[in-house]
>>> print(open('entry.txt').read())   # compact mmCIF, C-alpha atoms and all ligand atoms
# COMPACT_ATOMS: atom_id res chain seq x y z
CA MET A 771 -16.36 -0.81 -19.42
CA LEU A 772 -13.18 0.62 -17.91
CA GLU A 773 -14.99 2.53 -15.22
CA LYS A 774 -15.26 0.25 -12.25
CA LEU A 775 -15.17 2.38 -9.17
CA ALA A 776 -12.37 0.88 -7.17
CA SER A 777 -13.30 2.83 -4.07
CA GLN A 778 -16.73 1.21 -4.03
CA GLN A 779 -15.59 -2.34 -4.50
CA HIS A 780 -16.20 -4.87 -1.84
CA ASN A 781 -13.48 -7.29 -0.89
CA PRO A 782 -14.47 -10.86 -1.67
CA SER A 783 -11.11 -12.22 -0.54
CA GLY A 784 -12.10 -12.15 3.10
CA ASP A 785 -8.44 -12.02 4.03
CA GLY A 786 -8.76 -9.00 6.23
CA VAL A 787 -7.32 -6.58 3.69
CA ASP A 788 -9.54 -3.58 3.19
CA VAL A 789 -9.26 -2.67 -0.48
CA ASN A 790 -11.16 0.53 0.23
CA ALA A 791 -8.21 1.66 2.33
CA PHE A 792 -6.32 2.73 -0.81
CA GLU A 793 -7.48 6.21 -1.64
CA ASN A 794 -6.04 6.24 -5.11
CA ILE A 795 -6.01 3.00 -7.10
CA PRO A 796 -3.86 3.02 -10.26
CA ARG A 797 -5.86 2.33 -13.42
CA HIS A 798 -2.99 0.64 -15.23
CA VAL A 799 -0.26 -1.36 -13.47
CA ALA A 800 2.68 -2.84 -15.40
CA ILE A 801 5.02 -5.45 -13.92
CA ILE A 802 8.48 -6.70 -14.86
CA MET A 803 8.37 -10.16 -13.27
CA ASP A 804 12.07 -10.63 -12.66
CA GLY A 805 14.09 -13.04 -10.49
CA ASN A 806 12.61 -16.42 -11.39
CA GLY A 807 15.96 -17.93 -12.39
CA ARG A 808 17.74 -16.56 -9.32
CA TRP A 809 14.96 -17.79 -7.05
CA ALA A 810 15.46 -21.29 -8.45
CA ARG A 811 19.27 -21.23 -8.28
CA ARG A 812 19.07 -20.19 -4.67
CA ARG A 813 17.08 -23.34 -3.97
CA GLY A 814 19.36 -25.55 -6.06
CA LEU A 815 16.58 -26.00 -8.61
CA PRO A 816 16.70 -25.68 -12.42
CA ARG A 817 15.70 -22.26 -13.80
CA ILE A 818 12.50 -23.68 -15.24
CA ALA A 819 11.31 -24.46 -11.70
CA GLY A 820 11.50 -20.72 -11.09
CA HIS A 821 9.44 -19.98 -14.19
CA ARG A 822 6.80 -22.48 -13.10
CA ALA A 823 6.64 -20.95 -9.60
CA GLY A 824 6.47 -17.51 -11.22
CA MET A 825 3.53 -18.60 -13.33
CA ASN A 826 1.55 -19.47 -10.22
CA VAL A 827 2.31 -16.06 -8.75
CA VAL A 828 0.80 -14.50 -11.89
CA LYS A 829 -2.53 -16.13 -10.99
CA LYS A 830 -2.42 -14.73 -7.45
CA ILE A 831 -1.57 -11.22 -8.61
CA VAL A 832 -4.26 -11.28 -11.30
CA ARG A 833 -6.81 -12.13 -8.59
CA ALA A 834 -5.44 -9.38 -6.34
CA ALA A 835 -5.48 -6.78 -9.13
CA ASP A 836 -9.04 -7.73 -10.07
CA ARG A 837 -10.17 -7.36 -6.44
CA LEU A 838 -8.60 -3.90 -6.23
CA GLY A 839 -10.46 -2.74 -9.31
CA ILE A 840 -7.34 -2.20 -11.42
CA GLU A 841 -8.45 -1.78 -15.04
CA ILE A 842 -5.37 -2.93 -16.90
CA LEU A 843 -2.61 -5.25 -15.71
CA THR A 844 0.32 -5.50 -18.14
CA LEU A 845 2.84 -8.28 -17.46
CA TYR A 846 6.23 -8.58 -19.13
CA ALA A 847 6.31 -12.32 -19.82
CA PHE A 848 8.88 -12.63 -22.63
CA SER A 849 11.18 -10.03 -24.17
CA THR A 850 12.67 -9.97 -27.66
CA GLU A 851 16.03 -10.56 -25.89
CA ASN A 852 14.85 -13.75 -24.16
CA TRP A 853 15.43 -15.79 -27.35
CA LYS A 854 19.15 -15.71 -26.45
CA ARG A 855 18.53 -18.08 -23.51
CA PRO A 856 19.31 -21.81 -23.80
CA LYS A 857 16.93 -23.58 -26.18
CA ASP A 858 15.56 -25.88 -23.46
CA GLU A 859 14.61 -22.89 -21.34
CA VAL A 860 12.95 -21.08 -24.26
CA ASP A 861 11.04 -24.26 -25.15
CA TYR A 862 9.81 -24.52 -21.57
CA LEU A 863 8.78 -20.85 -21.45
CA MET A 864 6.81 -21.27 -24.68
CA ARG A 865 4.74 -24.00 -22.96
CA LEU A 866 3.80 -21.74 -20.06
CA PRO A 867 0.91 -19.90 -21.73
CA GLU A 868 -0.75 -23.27 -22.44
CA GLN A 869 -0.10 -24.50 -18.91
CA PHE A 870 -1.34 -21.28 -17.41
CA LEU A 871 -4.48 -21.20 -19.52
CA SER A 872 -5.34 -24.90 -19.20
CA SER A 873 -5.85 -24.43 -15.48
CA TYR A 874 -6.89 -20.79 -15.38
CA LEU A 875 -8.75 -19.66 -18.51
CA LYS A 876 -12.08 -20.79 -17.06
CA GLU A 877 -11.57 -18.55 -14.03
CA LEU A 878 -10.55 -15.62 -16.26
CA VAL A 879 -13.74 -16.01 -18.28
CA GLU A 880 -15.81 -16.16 -15.07
CA LYS A 881 -14.02 -13.10 -13.70
CA ASN A 882 -14.94 -11.17 -16.86
CA VAL A 883 -11.20 -10.60 -17.57
CA GLN A 884 -10.09 -9.73 -21.11
CA VAL A 885 -6.88 -11.48 -22.11
CA ARG A 886 -4.73 -9.48 -24.55
CA VAL A 887 -1.22 -9.85 -25.88
CA MET A 888 1.19 -7.20 -27.12
CA GLY A 889 4.32 -8.08 -29.03
CA ASP A 890 5.39 -9.94 -32.12
CA ILE A 891 3.34 -13.12 -31.63
CA GLU A 892 3.74 -14.22 -35.25
CA ARG A 893 7.19 -15.43 -34.30
CA LEU A 894 6.05 -17.62 -31.40
CA PRO A 895 5.70 -21.39 -31.87
CA ALA A 896 2.34 -22.36 -33.35
CA HIS A 897 1.25 -24.18 -30.18
CA THR A 898 1.88 -21.06 -28.07
CA ARG A 899 0.04 -18.82 -30.50
CA ARG A 900 -2.93 -21.20 -30.61
CA ALA A 901 -3.28 -21.14 -26.81
CA VAL A 902 -2.99 -17.37 -26.65
CA ASP A 903 -5.39 -16.85 -29.58
CA LYS A 904 -7.97 -19.07 -27.90
CA ALA A 905 -7.67 -17.14 -24.63
CA MET A 906 -8.14 -13.83 -26.45
CA ALA A 907 -11.12 -15.21 -28.40
CA ASP A 908 -12.77 -16.79 -25.35
CA THR A 909 -12.51 -13.52 -23.40
CA ALA A 910 -13.15 -11.10 -26.27
CA ALA A 911 -16.74 -10.43 -25.15
CA ASN A 912 -15.67 -9.67 -21.57
CA ASP A 913 -15.49 -6.08 -20.38
CA GLY A 914 -13.74 -6.39 -17.01
CA MET A 915 -10.05 -6.09 -16.21
CA VAL A 916 -7.63 -6.27 -19.13
CA LEU A 917 -4.85 -8.81 -18.57
CA ASN A 918 -2.26 -7.73 -21.10
CA PHE A 919 0.74 -10.03 -21.61
CA ALA A 920 3.84 -8.53 -23.23
CA LEU A 921 5.06 -11.51 -25.25
CA ASN A 922 8.07 -11.26 -27.55
CA TYR A 923 7.89 -7.55 -26.81
CA GLY A 924 10.61 -4.92 -27.13
CA SER A 925 9.95 -1.23 -26.74
CA ARG A 926 12.50 0.10 -29.23
CA HIS A 927 11.11 -2.27 -31.83
CA GLU A 928 7.59 -1.03 -31.01
CA ILE A 929 8.69 2.62 -31.40
CA THR A 930 10.61 1.83 -34.58
CA GLU A 931 7.48 0.24 -36.09
CA ALA A 932 5.42 3.31 -35.12
CA VAL A 933 7.95 5.60 -36.83
CA ARG A 934 7.99 3.38 -39.91
CA ARG A 935 4.20 3.50 -40.22
CA LEU A 936 4.14 7.24 -39.69
CA ALA A 937 6.78 7.64 -42.40
CA ILE A 938 4.59 5.63 -44.77
CA ASP A 939 1.66 7.95 -43.94
CA VAL A 940 3.89 10.88 -44.90
CA ARG A 941 5.04 9.22 -48.12
CA GLU A 942 1.44 8.42 -49.08
CA GLY A 943 0.40 12.02 -48.45
CA ARG A 944 -1.85 11.17 -45.48
CA LYS A 945 0.28 13.15 -43.05
CA ASP A 946 2.11 16.47 -43.22
CA PRO A 947 5.37 15.98 -41.25
CA GLU A 948 4.96 19.47 -39.79
CA ASP A 949 1.78 18.21 -38.08
CA ILE A 950 3.26 15.15 -36.36
CA THR A 951 2.33 15.14 -32.66
CA GLU A 952 2.89 12.84 -29.69
CA LYS A 953 -0.65 11.54 -30.26
CA ASP A 954 0.31 10.38 -33.77
CA ILE A 955 3.16 8.33 -32.36
CA ALA A 956 1.07 6.94 -29.49
CA LYS A 957 -1.58 5.88 -32.01
CA TYR A 958 0.87 3.47 -33.64
CA LEU A 959 2.13 1.91 -30.42
CA LEU A 960 0.82 -1.47 -29.27
CA THR A 961 -0.77 0.23 -26.27
CA ASN A 962 -2.84 2.65 -28.37
CA VAL A 963 -6.10 1.62 -26.71
CA TYR A 964 -4.86 1.88 -23.11
CA PRO A 965 -3.91 4.76 -20.87
CA ASP A 966 -0.21 4.85 -19.93
CA PRO A 967 0.72 2.78 -16.86
CA ASP A 968 0.27 4.67 -13.59
CA LEU A 969 2.57 2.31 -11.72
CA LEU A 970 5.46 0.08 -12.80
CA ILE A 971 6.63 -2.67 -10.47
CA ARG A 972 9.93 -4.47 -11.03
CA THR A 973 10.87 -7.35 -8.75
CA SER A 974 14.26 -8.82 -7.94
CA GLY A 975 16.34 -5.71 -7.28
CA GLU A 976 17.32 -4.62 -10.80
CA ILE A 977 16.82 -0.87 -11.27
CA ARG A 978 16.39 -0.84 -15.05
CA LEU A 979 13.60 -0.67 -17.62
CA SER A 980 15.13 -3.32 -19.91
CA ASN A 981 13.43 -2.07 -23.07
CA PHE A 982 9.95 -2.19 -21.54
CA MET A 983 7.33 0.45 -22.49
CA LEU A 984 9.89 3.26 -22.79
CA TRP A 985 7.43 5.73 -24.31
CA GLN A 986 4.50 4.82 -22.06
CA LEU A 987 6.45 5.05 -18.78
CA ALA A 988 7.35 8.74 -19.19
CA TYR A 989 5.29 9.85 -16.15
CA THR A 990 4.78 6.50 -14.41
CA GLU A 991 5.51 5.97 -10.71
CA LEU A 992 8.24 3.34 -10.39
CA TRP A 993 8.38 0.72 -7.61
CA PHE A 994 11.39 -1.54 -7.29
CA THR A 995 11.59 -4.35 -4.77
CA ASP A 996 14.32 -6.89 -3.97
CA VAL A 997 11.73 -9.67 -3.66
CA TYR A 998 12.10 -12.35 -6.36
CA TRP A 999 8.96 -12.75 -8.48
CA PRO A 1000 8.15 -16.28 -7.20
CA ASP A 1001 8.18 -14.86 -3.64
CA PHE A 1002 6.02 -11.85 -4.55
CA THR A 1003 2.73 -11.99 -2.62
CA GLU A 1004 -0.53 -10.12 -2.53
CA ASP A 1005 0.87 -8.24 0.49
CA HIS A 1006 3.89 -7.10 -1.54
CA PHE A 1007 1.51 -6.01 -4.27
CA HIS A 1008 -0.55 -4.00 -1.77
CA GLU A 1009 2.65 -2.37 -0.51
CA ALA A 1010 3.37 -1.12 -4.04
CA ILE A 1011 -0.21 0.09 -4.49
CA ARG A 1012 -0.07 1.85 -1.13
CA HIS A 1013 3.12 3.62 -2.23
CA TYR A 1014 1.41 4.75 -5.41
CA SER A 1015 -1.68 5.77 -3.51
CA GLY A 1016 0.34 8.18 -1.37
CA ARG A 1017 1.88 9.97 -4.35
CA SER A 1018 0.34 12.89 -6.14
CA ARG A 1019 1.59 13.14 -9.65
CA ARG A 1020 2.48 16.47 -11.18
CA TYR A 1021 3.41 15.54 -14.76
CA GLY A 1022 6.17 18.15 -14.64
CA GLY A 1023 3.80 20.85 -13.43
CA VAL A 1024 3.32 22.32 -9.99
CA LYS A 1025 1.34 20.67 -7.22
CA GLU A 1026 -2.05 22.28 -6.78
C1 LIG A 1101 7.84 -16.98 -16.91
C2 LIG A 1101 7.16 -15.11 -14.62
C3 LIG A 1101 2.15 -16.67 -17.73
C4 LIG A 1101 7.92 -14.64 -15.82
C5 LIG A 1101 5.78 -15.61 -14.94
C6 LIG A 1101 5.93 -17.25 -22.87
C7 LIG A 1101 8.56 -15.69 -16.72
C8 LIG A 1101 5.78 -16.96 -15.61
C9 LIG A 1101 2.26 -16.57 -19.09
C10 LIG A 1101 1.17 -16.38 -20.05
C11 LIG A 1101 5.64 -16.82 -18.10
C12 LIG A 1101 1.37 -15.72 -21.25
C13 LIG A 1101 0.34 -15.51 -22.14
C14 LIG A 1101 -0.92 -15.97 -21.83
C15 LIG A 1101 -1.15 -16.62 -20.65
C16 LIG A 1101 -0.12 -16.84 -19.77
C17 LIG A 1101 3.63 -16.65 -19.36
C18 LIG A 1101 5.64 -16.63 -20.48
C19 LIG A 1101 6.33 -16.77 -19.31
C20 LIG A 1101 6.44 -16.55 -21.73
F1 LIG A 1101 -1.94 -15.76 -22.70
N1 LIG A 1101 3.34 -16.79 -17.18
N2 LIG A 1101 4.27 -16.77 -18.16
N3 LIG A 1101 4.30 -16.57 -20.53
N4 LIG A 1101 6.38 -16.94 -16.92
>>> encode(input="entry.txt", output="structure tokens")
Amino acid sequence: MLEKLASQQHNPSGDGVDVNAFENIPRHVAIIMDGNGRWARRRGLPRIAGHRAGMNVVKKIVRAADRLGIEILTLYAFSTENWKRPKDEVDYLMRLPEQFLSSYLKELVEKNVQVRVMGDIERLPAHTRRAVDKAMADTAANDGMVLNFALNYGSRHEITEAVRRLAIDVREGRKDPEDITEKDIAKYLLTNVYPDPDLLIRTSGEIRLSNFMLWQLAYTELWFTDVYWPDFTEDHFHEAIRHYSGRSRRYGGVKE
């Protein structure tokens, strides 16, 4: 299921971009979609106009990622810190999954995409959870690209939960603490079924991880761009992929 050969994919976009030109396509791409509020302010618009524009860019980048043969696309949609924003803005954000899916779920099903969510979704409003649950259910039988939304996600919380569960295993006698390995920790993270991201993209000029996938990004190539997320295009995406494609990763070892 996760073994599409990117190098053999054709390019149905017909936009003149040769997807076969990338010699090394990342399997897992993660994106911090930053700059929506600043994009709006710059235009004299309310912040929510930026979020709406950002939502439409998500659709374009999902299509682009699917065409490239990327296996997993993880998008940071809402952090555990985002609850501190004004209530009106949070309320608007919590409507976006429904808006997104009402116009786009059909296409995701047709594209064989699997919608997944990582984060504490119990604490989302019921209407948001319903929309997300339906998307996951309607795409559960698909085996194409995974579209993984980080929703109410925080990496330290994720690691803390993993440690807590491991400690319970120790207490219950299922685990000898002397035998704890990195694999044991990874098993309890929300990403346990995915490989670590190969490439992280953050838009809007901030050079920070902001509590996103701290464990999983240990060896990931990082790509920062000043472009605001609502202005991020398929061409910008290809630029990041091209950068990745030209890197050879050593994981702390020596280049062969
Ligand atoms: C706002 C830019 C899609 C970042 C993108 C609840 C901030 C647009 C979704 C979405 C958001 C989430 C789950 C799902 C389907 C779609 C989304 C949020 C914010 C926060 F199953 N865009 N989007 N969710 N923004």
>>> closest_residue(input="entry.txt", among="A:His897, A:Arg1017, A:Arg972, A:Arg944", to="A:Val799", atoms="only C-alpha atoms")
A:Arg972
>>> atom_distance(input="entry.txt", atom1="atom C4 of ligand LIG 1101 (chain A)", atom2="atom CA of A:Val828")
8.1 Å
>>> residues_near_ligand(input="entry.txt", ligand="ligand LIG 1101 (chain A)", cutoff="6 Å", atoms="only C-alpha atoms and all ligand atoms", output="PyMOL selection string")
chain A and resi 803+821+824-825+828+847-848+863-864+866-867+870-871+902+919
>>> closest_residue(input="entry.txt", among="A:Lys957, A:Lys857, A:Arg893, A:His798", to="A:Asn922", atoms="only C-alpha atoms")
A:Arg893
>>> residues_around(input="entry.txt", residues="A:Trp809", least_positions_apart="4", cutoff="9 Å", atoms="all atoms listed in the file", output="count of residues only")
11
>>> atom_distance(input="entry.txt", atom1="atom CA of A:Gly1022", atom2="atom CA of A:Tyr989")
8.5 Å
>>> axis_aligned_box(input="entry.txt", around="stretch 895-901 of chain A", padding_each_side="8 Å", output="AutoDock Vina command-line options")
--center_x 1.2 --center_y -21.5 --center_z -30.1 --size_x 25.0 --size_y 21.4 --size_z 22.5
>>> atom_distance(input="entry.txt", atom1="atom CA of A:Ser925", atom2="atom CA of A:Val997")
24.6 Å
>>> residues_around(input="entry.txt", residues="stretch 909-913 of chain A", least_positions_apart="4", cutoff="7 Å", atoms="all atoms listed in the file", output="VMD selection string")
chain A and resid 771 879 882 to 885 905
>>> write_last_selection(input="entry.txt", atoms="C-alpha atoms", output="PDB file, in the frame of the given file")
ATOM      1  CA  MET A 771     -16.360  -0.810 -19.420  1.00  0.00           C
ATOM      2  CA  VAL A 879     -13.740 -16.010 -18.280  1.00  0.00           C
ATOM      3  CA  ASN A 882     -14.940 -11.170 -16.860  1.00  0.00           C
ATOM      4  CA  VAL A 883     -11.200 -10.600 -17.570  1.00  0.00           C
ATOM      5  CA  GLN A 884     -10.090  -9.730 -21.110  1.00  0.00           C
ATOM      6  CA  VAL A 885      -6.880 -11.480 -22.110  1.00  0.00           C
ATOM      7  CA  ALA A 905      -7.670 -17.140 -24.630  1.00  0.00           C
TER       8      ALA A 905
END
>>> closest_residue(input="entry.txt", among="A:Asp836, A:Leu917, A:Tyr862, A:Thr898", to="A:Tyr964", atoms="only C-alpha atoms")
A:Leu917
>>> residues_near_point(input="entry.txt", point="(-7.1, -4.9, -17.7)", cutoff="7 Å", atoms="all atoms listed in the file", output="count of residues only")
10
>>> closest_residue(input="entry.txt", among="A:Arg934, A:Arg808, A:Arg886, A:His1008", to="A:Ala823", atoms="only C-alpha atoms")
A:Arg808
>>> residues_around(input="entry.txt", residues="A:Ala937", least_positions_apart="5", cutoff="12 Å", atoms="only C-alpha atoms", output="PyMOL selection string")
chain A and resi 930-932+942-947+950+954-955+958
>>> closest_residue(input="entry.txt", among="A:Ile1011, A:Val887, A:Leu959, A:Leu878", to="A:Gln986", atoms="all atoms listed in the file")
A:Leu959
>>> closest_residue(input="entry.txt", among="A:His1006, A:Arg812, A:Lys953, A:His927", to="A:Glu851", atoms="all atoms listed in the file")
A:His927
>>> build_atoms(input="entry.txt", residues="stretch 887-898 of chain A", atoms="all heavy atoms", output="PDB file, in the frame of the given file")
ATOM      1  N   VAL A 887      -2.655  -9.642 -25.744  1.00  0.00           N
ATOM      2  CA  VAL A 887      -1.220  -9.850 -25.880  1.00  0.00           C
ATOM      3  C   VAL A 887      -0.644  -8.711 -26.687  1.00  0.00           C
ATOM      4  O   VAL A 887      -1.241  -8.287 -27.676  1.00  0.00           O
ATOM      5  CB  VAL A 887      -0.913 -11.207 -26.558  1.00  0.00           C
ATOM      6  CG1 VAL A 887       0.528 -11.288 -26.999  1.00  0.00           C
ATOM      7  CG2 VAL A 887      -1.239 -12.354 -25.605  1.00  0.00           C
ATOM      8  N   MET A 888       0.489  -8.176 -26.269  1.00  0.00           N
ATOM      9  CA  MET A 888       1.190  -7.200 -27.120  1.00  0.00           C
ATOM     10  C   MET A 888       2.607  -7.690 -27.378  1.00  0.00           C
ATOM     11  O   MET A 888       3.285  -8.172 -26.490  1.00  0.00           O
ATOM     12  CB  MET A 888       1.173  -5.788 -26.518  1.00  0.00           C
ATOM     13  CG  MET A 888       1.926  -5.597 -25.254  1.00  0.00           C
ATOM     14  SD  MET A 888       2.024  -3.812 -24.876  1.00  0.00           S
ATOM     15  CE  MET A 888       3.048  -3.876 -23.411  1.00  0.00           C
ATOM     16  N   GLY A 889       3.012  -7.603 -28.625  1.00  0.00           N
ATOM     17  CA  GLY A 889       4.320  -8.080 -29.030  1.00  0.00           C
ATOM     18  C   GLY A 889       4.204  -8.804 -30.359  1.00  0.00           C
ATOM     19  O   GLY A 889       3.117  -8.906 -30.922  1.00  0.00           O
ATOM     20  N   ASP A 890       5.337  -9.291 -30.823  1.00  0.00           N
ATOM     21  CA  ASP A 890       5.390  -9.940 -32.120  1.00  0.00           C
ATOM     22  C   ASP A 890       5.038 -11.418 -31.939  1.00  0.00           C
ATOM     23  O   ASP A 890       5.923 -12.258 -31.776  1.00  0.00           O
ATOM     24  CB  ASP A 890       6.806  -9.766 -32.686  1.00  0.00           C
ATOM     25  CG  ASP A 890       6.883 -10.138 -34.148  1.00  0.00           C
ATOM     26  OD1 ASP A 890       5.849 -10.569 -34.707  1.00  0.00           O
ATOM     27  OD2 ASP A 890       7.973 -10.009 -34.725  1.00  0.00           O
ATOM     28  N   ILE A 891       3.733 -11.739 -31.936  1.00  0.00           N
ATOM     29  CA  ILE A 891       3.340 -13.120 -31.630  1.00  0.00           C
ATOM     30  C   ILE A 891       3.398 -14.020 -32.860  1.00  0.00           C
ATOM     31  O   ILE A 891       3.353 -15.237 -32.733  1.00  0.00           O
ATOM     32  CB  ILE A 891       1.964 -13.226 -30.924  1.00  0.00           C
ATOM     33  CG1 ILE A 891       0.848 -12.645 -31.761  1.00  0.00           C
ATOM     34  CG2 ILE A 891       1.998 -12.552 -29.565  1.00  0.00           C
ATOM     35  CD1 ILE A 891      -0.524 -13.014 -31.185  1.00  0.00           C
ATOM     36  N   GLU A 892       3.563 -13.415 -34.035  1.00  0.00           N
ATOM     37  CA  GLU A 892       3.740 -14.220 -35.250  1.00  0.00           C
ATOM     38  C   GLU A 892       4.952 -15.134 -35.132  1.00  0.00           C
ATOM     39  O   GLU A 892       4.993 -16.194 -35.732  1.00  0.00           O
ATOM     40  CB  GLU A 892       3.969 -13.294 -36.467  1.00  0.00           C
ATOM     41  CG  GLU A 892       2.878 -12.269 -36.695  1.00  0.00           C
ATOM     42  CD  GLU A 892       1.576 -12.927 -37.120  1.00  0.00           C
ATOM     43  OE1 GLU A 892       1.572 -13.563 -38.175  1.00  0.00           O
ATOM     44  OE2 GLU A 892       0.590 -12.806 -36.369  1.00  0.00           O
ATOM     45  N   ARG A 893       5.942 -14.670 -34.370  1.00  0.00           N
ATOM     46  CA  ARG A 893       7.190 -15.430 -34.300  1.00  0.00           C
ATOM     47  C   ARG A 893       7.228 -16.439 -33.151  1.00  0.00           C
ATOM     48  O   ARG A 893       8.239 -17.067 -32.908  1.00  0.00           O
ATOM     49  CB  ARG A 893       8.375 -14.450 -34.210  1.00  0.00           C
ATOM     50  CG  ARG A 893       8.483 -13.613 -35.497  1.00  0.00           C
ATOM     51  CD  ARG A 893       9.823 -12.927 -35.667  1.00  0.00           C
ATOM     52  NE  ARG A 893      10.890 -13.617 -34.959  1.00  0.00           N
ATOM     53  CZ  ARG A 893      11.872 -13.020 -34.316  1.00  0.00           C
ATOM     54  NH1 ARG A 893      11.929 -11.714 -34.283  1.00  0.00           N
ATOM     55  NH2 ARG A 893      12.817 -13.710 -33.716  1.00  0.00           N
ATOM     56  N   LEU A 894       6.108 -16.604 -32.462  1.00  0.00           N
ATOM     57  CA  LEU A 894       6.050 -17.620 -31.400  1.00  0.00           C
ATOM     58  C   LEU A 894       5.727 -18.967 -32.028  1.00  0.00           C
ATOM     59  O   LEU A 894       5.145 -19.030 -33.111  1.00  0.00           O
ATOM     60  CB  LEU A 894       4.965 -17.251 -30.385  1.00  0.00           C
ATOM     61  CG  LEU A 894       5.113 -15.902 -29.675  1.00  0.00           C
ATOM     62  CD1 LEU A 894       3.946 -15.697 -28.715  1.00  0.00           C
ATOM     63  CD2 LEU A 894       6.437 -15.822 -28.930  1.00  0.00           C
ATOM     64  N   PRO A 895       6.084 -20.066 -31.350  1.00  0.00           N
ATOM     65  CA  PRO A 895       5.700 -21.390 -31.870  1.00  0.00           C
ATOM     66  C   PRO A 895       4.182 -21.468 -32.051  1.00  0.00           C
ATOM     67  O   PRO A 895       3.429 -20.830 -31.305  1.00  0.00           O
ATOM     68  CB  PRO A 895       6.152 -22.348 -30.769  1.00  0.00           C
ATOM     69  CG  PRO A 895       7.152 -21.596 -29.959  1.00  0.00           C
ATOM     70  CD  PRO A 895       6.824 -20.147 -30.090  1.00  0.00           C
ATOM     71  N   ALA A 896       3.763 -22.272 -33.031  1.00  0.00           N
ATOM     72  CA  ALA A 896       2.340 -22.360 -33.350  1.00  0.00           C
ATOM     73  C   ALA A 896       1.502 -22.787 -32.144  1.00  0.00           C
ATOM     74  O   ALA A 896       0.409 -22.266 -31.918  1.00  0.00           O
ATOM     75  CB  ALA A 896       2.120 -23.332 -34.520  1.00  0.00           C
ATOM     76  N   HIS A 897       2.048 -23.697 -31.325  1.00  0.00           N
ATOM     77  CA  HIS A 897       1.250 -24.180 -30.180  1.00  0.00           C
ATOM     78  C   HIS A 897       1.027 -23.066 -29.159  1.00  0.00           C
ATOM     79  O   HIS A 897      -0.042 -22.979 -28.545  1.00  0.00           O
ATOM     80  CB  HIS A 897       1.913 -25.410 -29.537  1.00  0.00           C
ATOM     81  CG  HIS A 897       3.278 -25.157 -28.952  1.00  0.00           C
ATOM     82  ND1 HIS A 897       3.462 -24.717 -27.659  1.00  0.00           N
ATOM     83  CD2 HIS A 897       4.516 -25.272 -29.486  1.00  0.00           C
ATOM     84  CE1 HIS A 897       4.755 -24.581 -27.429  1.00  0.00           C
ATOM     85  NE2 HIS A 897       5.424 -24.910 -28.512  1.00  0.00           N
ATOM     86  N   THR A 898       2.012 -22.190 -29.008  1.00  0.00           N
ATOM     87  CA  THR A 898       1.880 -21.060 -28.070  1.00  0.00           C
ATOM     88  C   THR A 898       0.840 -20.081 -28.588  1.00  0.00           C
ATOM     89  O   THR A 898      -0.029 -19.612 -27.846  1.00  0.00           O
ATOM     90  CB  THR A 898       3.230 -20.340 -27.914  1.00  0.00           C
ATOM     91  OG1 THR A 898       4.249 -21.296 -27.700  1.00  0.00           O
ATOM     92  CG2 THR A 898       3.191 -19.338 -26.773  1.00  0.00           C
TER      93      THR A 898
END
